[in-house]
file input_34.tsv (TSV, C-alpha atoms)
chain	number	residue	atom	x	y	z
A	1	MET	CA	-39.83	-70.35	-5.74
A	2	LYS	CA	-40.91	-68.27	-8.78
A	3	LYS	CA	-42.88	-65.91	-6.56
A	4	PHE	CA	-39.77	-65.40	-4.41
A	5	TYR	CA	-37.52	-64.45	-7.37
A	6	ILE	CA	-39.92	-61.94	-8.94
A	7	PRO	CA	-39.43	-59.18	-6.28
A	8	ILE	CA	-35.67	-59.64	-6.46
A	9	LEU	CA	-35.69	-59.20	-10.24
A	10	VAL	CA	-37.82	-56.07	-9.94
A	11	LEU	CA	-35.45	-54.56	-7.37
A	12	ALA	CA	-32.42	-55.40	-9.51
A	13	ALA	CA	-33.99	-53.80	-12.57
A	14	ALA	CA	-34.85	-50.66	-10.60
A	15	PHE	CA	-31.30	-50.44	-9.26
A	16	LEU	CA	-29.81	-50.75	-12.76
A	17	TYR	CA	-32.16	-48.06	-14.04
A	18	PHE	CA	-31.07	-45.74	-11.22
A	19	LEU	CA	-27.39	-46.33	-12.01
A	20	GLN	CA	-27.93	-45.61	-15.71
A	21	ASN	CA	-29.74	-42.35	-15.01
A	22	SER	CA	-27.12	-41.26	-12.48
A	23	TYR	CA	-24.30	-41.97	-14.95
A	24	ALA	CA	-26.12	-40.11	-17.71
A	25	HIS	CA	-26.67	-37.13	-15.43
A	26	ASP	CA	-23.04	-37.07	-14.33
A	27	SER	CA	-21.86	-37.43	-17.92
A	28	SER	CA	-24.07	-34.53	-18.99
A	29	ALA	CA	-22.76	-32.39	-16.15
A	30	CYS	CA	-19.15	-33.20	-17.08
A	31	THR	CA	-19.86	-32.34	-20.69
A	32	GLU	CA	-21.40	-29.05	-19.65
A	33	ASP	CA	-18.41	-28.23	-17.48
A	34	LEU	CA	-16.05	-29.07	-20.32
A	35	ARG	CA	-17.79	-26.59	-22.62
A	36	THR	CA	-16.29	-23.59	-20.84
A	37	ILE	CA	-13.33	-21.34	-21.35
A	38	SER	CA	-11.38	-19.63	-18.54
A	39	LEU	CA	-9.18	-16.60	-19.03
A	40	ALA	CA	-7.38	-13.97	-17.02
A	41	GLY	CA	-7.90	-10.29	-17.75
A	42	GLU	CA	-5.59	-7.50	-16.61
A	43	SER	CA	-5.48	-3.73	-16.79
A	44	SER	CA	-3.41	-0.93	-15.25
A	45	VAL	CA	-4.49	2.66	-14.75
A	46	SER	CA	-1.91	5.36	-14.02
A	47	SER	CA	-2.26	8.67	-12.24
A	48	SER	CA	0.07	11.23	-10.76
A	49	PRO	CA	0.11	11.28	-6.94
A	50	ASP	CA	-1.91	13.96	-5.20
A	51	MET	CA	-0.39	13.71	-1.74
A	52	ALA	CA	3.01	13.37	-0.07
A	53	VAL	CA	4.29	12.56	3.42
A	54	VAL	CA	7.53	14.04	4.75
A	55	ASP	CA	9.04	12.15	7.67
A	56	PHE	CA	11.71	13.68	9.93
A	57	THR	CA	13.25	13.22	13.37
A	58	ILE	CA	14.47	15.59	16.08
A	59	GLU	CA	17.06	14.09	18.44
A	60	THR	CA	18.69	15.77	21.46
A	61	GLN	CA	20.97	14.46	24.17
A	62	ASP	CA	22.04	15.62	27.61
A	63	LEU	CA	23.33	14.26	30.89
A	64	THR	CA	19.94	14.80	32.51
A	65	PHE	CA	16.57	13.46	31.45
A	66	ARG	CA	14.88	16.83	31.88
A	67	LYS	CA	17.31	18.87	29.78
A	68	ALA	CA	17.30	16.34	26.95
A	69	ARG	CA	13.51	16.48	26.84
A	70	GLU	CA	13.26	20.27	27.17
A	71	GLU	CA	15.82	20.92	24.44
A	72	ASN	CA	13.97	18.54	22.17
A	73	ALA	CA	10.69	20.31	22.86
A	74	SER	CA	12.28	23.69	22.12
A	75	ILE	CA	13.69	22.59	18.75
A	76	SER	CA	10.42	20.86	17.88
A	77	ALA	CA	8.50	24.09	18.49
A	78	LYS	CA	10.84	25.98	16.14
A	79	VAL	CA	10.49	23.35	13.43
A	80	LEU	CA	6.69	23.23	13.64
A	81	ASN	CA	6.43	27.01	13.61
A	82	ALA	CA	8.58	27.10	10.48
A	83	VAL	CA	6.31	24.52	8.83
A	84	ARG	CA	3.22	26.53	9.76
A	85	LYS	CA	4.70	29.67	8.22
A	86	ILE	CA	4.71	28.07	4.78
A	87	GLY	CA	0.95	27.54	4.92
A	88	LEU	CA	0.43	24.18	6.63
A	89	THR	CA	-1.84	23.70	9.66
A	90	GLU	CA	-2.05	21.39	12.67
A	91	LYS	CA	-4.10	18.95	10.58
A	92	ASN	CA	-1.07	18.42	8.35
A	93	ILE	CA	1.33	17.63	11.20
A	94	ASN	CA	1.36	14.34	13.12
A	95	LEU	CA	3.56	13.37	16.04
A	96	LYS	CA	4.42	9.73	15.32
A	97	SER	CA	6.52	8.99	18.37
A	98	LEU	CA	8.21	10.56	21.38
A	99	ASN	CA	10.68	8.76	23.61
A	100	VAL	CA	13.49	9.55	26.04
A	101	ASN	CA	15.96	6.76	26.77
A	102	GLU	CA	19.23	6.25	28.55
A	103	TRP	CA	22.24	6.76	26.35
A	104	ARG	CA	25.02	4.24	26.87
A	105	GLU	CA	28.22	3.50	24.97
A	106	TYR	CA	30.58	0.60	25.23
A	107	ASP	CA	33.93	1.45	26.84
A	108	GLN	CA	36.78	-0.65	25.40
A	109	LYS	CA	39.01	-0.12	28.44
A	110	LEU	CA	36.36	-0.92	31.00
A	111	ARG	CA	34.82	-3.56	28.74
A	112	GLN	CA	31.36	-2.56	29.74
A	113	SER	CA	28.52	-0.24	28.82
A	114	VAL	CA	28.96	3.23	30.34
A	115	PHE	CA	26.14	5.71	31.05
A	116	LYS	CA	26.48	8.87	28.91
A	117	GLY	CA	23.20	10.60	29.59
A	118	TYR	CA	19.80	10.63	27.88
A	119	LYS	CA	18.58	10.87	24.30
A	120	ALA	CA	15.21	12.32	23.39
A	121	ASN	CA	13.64	11.55	20.02
A	122	ARG	CA	10.55	12.98	18.35
A	123	ASN	CA	9.41	11.71	14.99
A	124	PHE	CA	7.03	13.84	12.92
A	125	GLN	CA	5.07	13.35	9.72
A	126	VAL	CA	3.94	16.26	7.60
A	127	ASN	CA	1.11	15.44	5.19
A	128	ILE	CA	0.83	17.56	2.05
A	129	TYR	CA	-2.33	17.38	-0.07
A	130	LYS	CA	-2.59	18.77	-3.57
A	131	ARG	CA	-6.18	19.91	-2.92
A	132	ASN	CA	-4.88	22.33	-0.27
A	133	LEU	CA	-2.24	23.95	-2.48
A	134	LYS	CA	-2.57	27.24	-4.28
A	135	VAL	CA	-3.50	27.30	-7.96
A	136	ASN	CA	0.05	27.85	-9.21
A	137	GLU	CA	1.74	25.66	-6.60
A	138	ASP	CA	3.12	22.20	-7.34
A	139	LEU	CA	3.38	19.29	-4.94
A	140	SER	CA	7.16	19.08	-5.44
A	141	GLU	CA	7.54	22.78	-4.62
A	142	LYS	CA	5.65	22.37	-1.36
A	143	ILE	CA	7.72	19.35	-0.40
A	144	ALA	CA	10.92	21.32	-0.96
A	145	GLN	CA	9.57	24.15	1.19
A	146	VAL	CA	8.74	21.76	4.04
A	147	VAL	CA	12.12	20.03	3.88
A	148	ASN	CA	14.06	23.30	3.79
A	149	ALA	CA	12.02	24.89	6.58
A	150	ALA	CA	12.46	21.85	8.82
A	151	SER	CA	16.17	21.39	8.12
A	152	GLU	CA	16.97	25.06	8.73
A	153	SER	CA	15.08	24.94	12.04
A	154	GLY	CA	17.09	22.10	13.55
A	155	ILE	CA	15.85	18.65	12.58
A	156	THR	CA	18.35	15.86	13.08
A	157	ARG	CA	17.31	13.48	10.34
A	158	LEU	CA	15.16	13.60	7.23
A	159	GLY	CA	13.81	10.08	6.93
A	160	SER	CA	11.82	9.90	3.72
A	161	VAL	CA	9.40	11.55	1.34
A	162	SER	CA	6.63	9.24	0.18
A	163	TYR	CA	3.92	9.82	-2.42
A	164	GLY	CA	0.40	8.47	-2.67
A	165	ILE	CA	-3.11	8.86	-4.06
A	166	GLU	CA	-5.57	10.20	-1.52
A	167	ASP	CA	-8.71	8.63	-3.03
A	168	ASP	CA	-8.11	5.78	-5.48
A	169	TYR	CA	-11.73	4.49	-5.61
A	170	GLU	CA	-12.46	5.67	-9.16
A	171	LEU	CA	-9.10	4.44	-10.44
A	172	LYS	CA	-9.71	0.97	-8.96
A	173	ASN	CA	-13.13	0.75	-10.62
A	174	LYS	CA	-11.72	1.86	-13.96
A	175	ALA	CA	-8.93	-0.72	-13.79
A	176	LEU	CA	-11.41	-3.45	-12.82
A	177	SER	CA	-13.80	-2.61	-15.67
A	178	GLN	CA	-10.99	-2.65	-18.21
A	179	ALA	CA	-9.66	-5.97	-16.86
A	180	VAL	CA	-13.07	-7.61	-17.37
A	181	LEU	CA	-13.25	-6.30	-20.95
A	182	ASN	CA	-9.71	-7.58	-21.53
A	183	ALA	CA	-10.74	-11.11	-20.47
A	184	LYS	CA	-13.83	-11.01	-22.70
A	185	GLU	CA	-11.84	-9.72	-25.68
A	186	LYS	CA	-9.29	-12.53	-25.37
A	187	ALA	CA	-12.06	-15.13	-25.08
A	188	ASN	CA	-13.76	-13.86	-28.27
A	189	ILE	CA	-10.47	-13.92	-30.19
A	190	MET	CA	-9.80	-17.53	-29.20
A	191	LEU	CA	-13.33	-18.76	-29.95
A	192	ASP	CA	-13.57	-16.93	-33.30
A	193	GLY	CA	-10.61	-18.97	-34.49
A	194	LEU	CA	-12.40	-22.15	-33.42
A	195	GLY	CA	-15.75	-21.26	-34.93
A	196	ALA	CA	-17.47	-21.14	-31.56
A	197	LYS	CA	-19.44	-18.44	-29.78
A	198	LEU	CA	-19.00	-16.97	-26.35
A	199	GLY	CA	-21.82	-17.66	-23.92
A	200	LYS	CA	-22.78	-16.34	-20.52
A	201	VAL	CA	-20.42	-15.94	-17.59
A	202	LYS	CA	-20.14	-18.95	-15.30
A	203	ASN	CA	-18.03	-17.31	-12.60
A	204	VAL	CA	-15.65	-14.41	-12.10
A	205	SER	CA	-13.16	-13.38	-9.42
A	206	GLU	CA	-10.92	-10.34	-9.08
A	207	ASN	CA	-7.61	-9.38	-7.54
A	208	SER	CA	-6.86	-5.66	-7.45
A	209	TYR	CA	-3.62	-4.08	-6.40
A	210	SER	CA	-3.58	-0.64	-4.83
A	211	PRO	CA	-0.67	1.64	-5.64
A	212	GLN	CA	2.26	1.21	-3.32
A	213	PRO	CA	3.58	4.46	-1.85
A	214	TYR	CA	6.50	5.75	-3.85
A	215	VAL	CA	9.22	6.53	-1.33
A	216	LYS	CA	12.40	8.57	-1.58
A	217	THR	CA	14.73	8.15	1.38
A	218	TYR	CA	17.20	10.78	2.49
A	219	ALA	CA	19.63	9.52	5.14
A	220	ARG	CA	20.86	13.03	5.84
A	221	MET	CA	21.89	14.50	9.21
A	222	ALA	CA	20.61	18.05	9.46
A	223	MET	CA	21.58	19.06	13.00
A	224	SER	CA	24.69	20.98	11.96
A	225	MET	CA	23.23	22.57	8.83
A	226	ASP	CA	22.48	26.25	8.58
A	227	ALA	CA	20.77	28.28	5.89
A	228	GLU	CA	24.00	29.07	4.02
A	229	SER	CA	25.56	25.62	4.10
A	230	SER	CA	22.35	23.69	3.49
A	231	SER	CA	22.34	21.90	0.18
A	232	MET	CA	18.99	20.16	0.34
A	233	PRO	CA	17.60	19.13	-3.07
A	234	GLU	CA	15.65	21.63	-5.12
A	235	PRO	CA	11.98	21.03	-6.07
A	236	GLU	CA	13.05	19.07	-9.18
A	237	ALA	CA	14.57	16.44	-6.91
A	238	TYR	CA	11.14	15.78	-5.39
A	239	ALA	CA	9.32	15.50	-8.71
A	240	GLU	CA	6.81	12.70	-8.50
A	241	GLY	CA	6.30	10.01	-11.12
A	242	ASP	CA	3.05	8.32	-12.07
A	243	MET	CA	1.59	5.61	-9.84
A	244	SER	CA	-0.33	2.61	-11.18
A	245	ILE	CA	-3.29	0.60	-9.97
A	246	THR	CA	-3.43	-2.89	-11.46
A	247	SER	CA	-6.53	-5.06	-11.51
A	248	LYS	CA	-6.62	-8.74	-12.46
A	249	VAL	CA	-9.71	-10.89	-12.99
A	250	ASN	CA	-10.30	-14.57	-13.69
A	251	VAL	CA	-13.43	-15.22	-15.78
A	252	THR	CA	-15.00	-18.50	-16.88
A	253	PHE	CA	-17.45	-18.32	-19.82
A	254	TYR	CA	-19.79	-20.96	-21.22
A	255	ILE	CA	-19.22	-21.88	-24.87
A	256	GLU	CA	-22.33	-21.91	-27.06
call {"tool": "encode", "arguments": {"input": "input_34.tsv", "output": "structure tokens"}}
result
Amino acid sequence: MKKFYIPILVLAAAFLYFLQNSYAHDSSACTEDLRTISLAGESSVSSSPDMAVVDFTIETQDLTFRKAREENASISAKVLNAVRKIGLTEKNINLKSLNVNEWREYDQKLRQSVFKGYKANRNFQVNIYKRNLKVNEDLSEKIAQVVNAASESGITRLGSVSYGIEDDYELKNKALSQAVLNAKEKANIMLDGLGAKLGKVKNVSENSYSPQPYVKTYARMAMSMDAESSSMPEPEAYAEGDMSITSKVNVTFYIE
């Protein structure tokens, strides 16, 4: 019987030893994980926009499909020629959409939709880049020139003027670098008060926000405007404000 119990006792002792070592290892790992500090760092970098997009629509209507389309094409040619005359090229002008649809209105007496003809719509975008402007020319001045040229040539609706940053790569990197330093600075301040020292980085993650286009909307009908009656805003009305890129990081440091 004694010979039979000896192997059992050896196995039990080995199992207990394994459990003790596993617990010690887990406890050490937990302790190591507890000796960390996690902080969020944030930084914003501002810059004035270097590009703008002017959006406008040309709408015509007629009893026939062909005439509605042809009239729209004629007005569009005048508008685009006017835009070219102020120094912009084909690369700056984009046709966003073109459609010709039936035009119907509800008749109260007949209590039904009645055919009125056709409506043709063309929507254009004009892109203005600061790098293409003359030395003494401002972005707001060019925007005003585009808006006035288009409105005096027969556009139906000025949709919006939006601003942006053409290449924000350097700004993103600058914001990210400053956000990391912000997290490290806060960690050092907290640990100095506790008499501890900041160790190496355990992990880091980032969340950057690109600048959202700054948009000004002008719900203004321009079909009936002429050069004398036009009261479109002056360049000051299109003055752009600064745009910001914000970067946020989450950093976990070891505590020495």
call {"tool": "residues_around", "arguments": {"input": "input_34.tsv", "residues": "stretch 190-204 of chain A", "least_positions_apart": "4", "cutoff": "10 Å", "atoms": "all atoms listed in the file", "output": "PyMOL selection string"}}
result
chain A and resi 33+35-40+180+184-186+249-256
call {"tool": "closest_residue", "arguments": {"input": "input_34.tsv", "among": "A:Glu206, A:Asp62, A:Glu70, A:Asp242", "to": "A:Ser43", "atoms": "only C-alpha atoms"}}
result
A:Glu206
call {"tool": "closest_residue", "arguments": {"input": "input_34.tsv", "among": "A:Ile245, A:Ile93, A:Ala175, A:Leu158", "to": "A:Gly41", "atoms": "only C-alpha atoms"}}
result
A:Ala175
call {"tool": "atom_distance", "arguments": {"input": "input_34.tsv", "atom1": "atom CA of A:Ser46", "atom2": "atom CA of A:Leu88"}}
result
28.0 Å
call {"tool": "atom_distance", "arguments": {"input": "input_34.tsv", "atom1": "atom CA of A:Ile155", "atom2": "atom CA of A:Asn123"}}
result
9.8 Å
call {"tool": "atom_distance", "arguments": {"input": "input_34.tsv", "atom1": "atom CA of A:Ala144", "atom2": "atom CA of A:Arg84"}}
result
14.2 Å
call {"tool": "residues_around", "arguments": {"input": "input_34.tsv", "residues": "A:Ser44", "least_positions_apart": "4", "cutoff": "10 Å", "atoms": "all atoms listed in the file", "output": "list of chain:residue names"}}
result
A:Leu171, A:Lys172, A:Lys174, A:Ala175, A:Leu176, A:Gln178, A:Ala179, A:Ser208, A:Tyr209, A:Met243, A:Ser244, A:Ile245, A:Thr246, A:Ser247, A:Lys248
call {"tool": "residues_around", "arguments": {"input": "input_34.tsv", "residues": "A:Ala150", "least_positions_apart": "3", "cutoff": "8 Å", "atoms": "all atoms listed in the file", "output": "PyMOL selection string"}}
result
chain A and resi 79-80+82-83+146-147+153-155
call {"tool": "closest_residue", "arguments": {"input": "input_34.tsv", "among": "A:Ala68, A:Ala183, A:Val53, A:Ile58", "to": "A:Thr156", "atoms": "only C-alpha atoms"}}
result
A:Ile58
call {"tool": "decode", "arguments": {"input": "input_34.tsv", "residues": "stretch 177-188 of chain A", "atoms": "all heavy atoms", "output": "short mmCIF file (atom, residue, chain, number, x, y, z; two decimals), in the first residue's frame"}}
result
data_model
loop_
_atom_site.label_atom_id
_atom_site.label_comp_id
_atom_site.auth_asym_id
_atom_site.auth_seq_id
_atom_site.Cartn_x
_atom_site.Cartn_y
_atom_site.Cartn_z
N SER A 177 2.34 65.77 -32.62
CA SER A 177 3.55 65.88 -31.80
C SER A 177 3.28 66.66 -30.52
O SER A 177 3.73 66.26 -29.42
CB SER A 177 4.65 66.57 -32.62
OG SER A 177 5.81 66.76 -31.84
N GLN A 178 2.55 67.73 -30.62
CA GLN A 178 2.25 68.54 -29.44
C GLN A 178 1.31 67.81 -28.48
O GLN A 178 1.40 67.98 -27.26
CB GLN A 178 1.64 69.88 -29.87
CG GLN A 178 2.62 70.79 -30.58
CD GLN A 178 2.00 72.11 -31.00
OE1 GLN A 178 0.81 72.34 -30.80
NE2 GLN A 178 2.80 72.99 -31.57
N ALA A 179 0.42 66.99 -29.01
CA ALA A 179 -0.50 66.22 -28.16
C ALA A 179 0.26 65.19 -27.33
O ALA A 179 -0.04 64.97 -26.15
CB ALA A 179 -1.56 65.54 -29.01
N VAL A 180 1.26 64.55 -27.94
CA VAL A 180 2.09 63.57 -27.22
C VAL A 180 2.86 64.26 -26.10
O VAL A 180 2.94 63.76 -24.96
CB VAL A 180 3.05 62.86 -28.19
CG1 VAL A 180 4.06 62.02 -27.42
CG2 VAL A 180 2.27 61.98 -29.16
N LEU A 181 3.45 65.41 -26.39
CA LEU A 181 4.19 66.17 -25.37
C LEU A 181 3.26 66.62 -24.25
O LEU A 181 3.66 66.66 -23.08
CB LEU A 181 4.87 67.39 -26.01
CG LEU A 181 6.02 67.09 -26.97
CD1 LEU A 181 6.52 68.38 -27.60
CD2 LEU A 181 7.15 66.37 -26.26
N ASN A 182 2.02 66.96 -24.60
CA ASN A 182 1.04 67.36 -23.60
C ASN A 182 0.74 66.22 -22.63
O ASN A 182 0.65 66.43 -21.41
CB ASN A 182 -0.23 67.83 -24.30
CG ASN A 182 -1.32 68.22 -23.32
OD1 ASN A 182 -2.37 67.57 -23.25
ND2 ASN A 182 -1.11 69.29 -22.55
N ALA A 183 0.60 65.00 -23.16
CA ALA A 183 0.34 63.83 -22.31
C ALA A 183 1.53 63.56 -21.39
O ALA A 183 1.37 63.27 -20.19
CB ALA A 183 0.05 62.61 -23.18
N LYS A 184 2.75 63.67 -21.93
CA LYS A 184 3.95 63.42 -21.13
C LYS A 184 4.12 64.47 -20.04
O LYS A 184 4.50 64.16 -18.90
CB LYS A 184 5.18 63.41 -22.05
CG LYS A 184 6.47 63.04 -21.34
CD LYS A 184 7.62 62.96 -22.34
CE LYS A 184 8.91 62.55 -21.62
NZ LYS A 184 10.05 62.49 -22.59
N GLU A 185 3.83 65.72 -20.38
CA GLU A 185 3.95 66.81 -19.41
C GLU A 185 2.99 66.60 -18.24
O GLU A 185 3.36 66.78 -17.07
CB GLU A 185 3.67 68.14 -20.10
CG GLU A 185 3.80 69.35 -19.18
CD GLU A 185 3.50 70.65 -19.90
OE1 GLU A 185 3.07 70.60 -21.07
OE2 GLU A 185 3.68 71.71 -19.27
N LYS A 186 1.76 66.22 -18.53
CA LYS A 186 0.78 65.99 -17.48
C LYS A 186 1.18 64.81 -16.60
O LYS A 186 0.99 64.84 -15.37
CB LYS A 186 -0.61 65.75 -18.09
CG LYS A 186 -1.21 67.00 -18.70
CD LYS A 186 -2.70 66.84 -18.98
CE LYS A 186 -2.99 65.86 -20.06
NZ LYS A 186 -4.43 65.81 -20.42
N ALA A 187 1.74 63.76 -17.22
CA ALA A 187 2.18 62.60 -16.45
C ALA A 187 3.30 62.97 -15.49
O ALA A 187 3.31 62.55 -14.32
CB ALA A 187 2.63 61.49 -17.39
N ASN A 188 4.26 63.77 -15.96
CA ASN A 188 5.38 64.20 -15.09
C ASN A 188 4.90 65.05 -13.93
O ASN A 188 5.39 64.93 -12.80
CB ASN A 188 6.39 64.98 -15.92
CG ASN A 188 7.37 64.08 -16.66
OD1 ASN A 188 7.86 63.11 -16.10
ND2 ASN A 188 7.64 64.40 -17.92
#
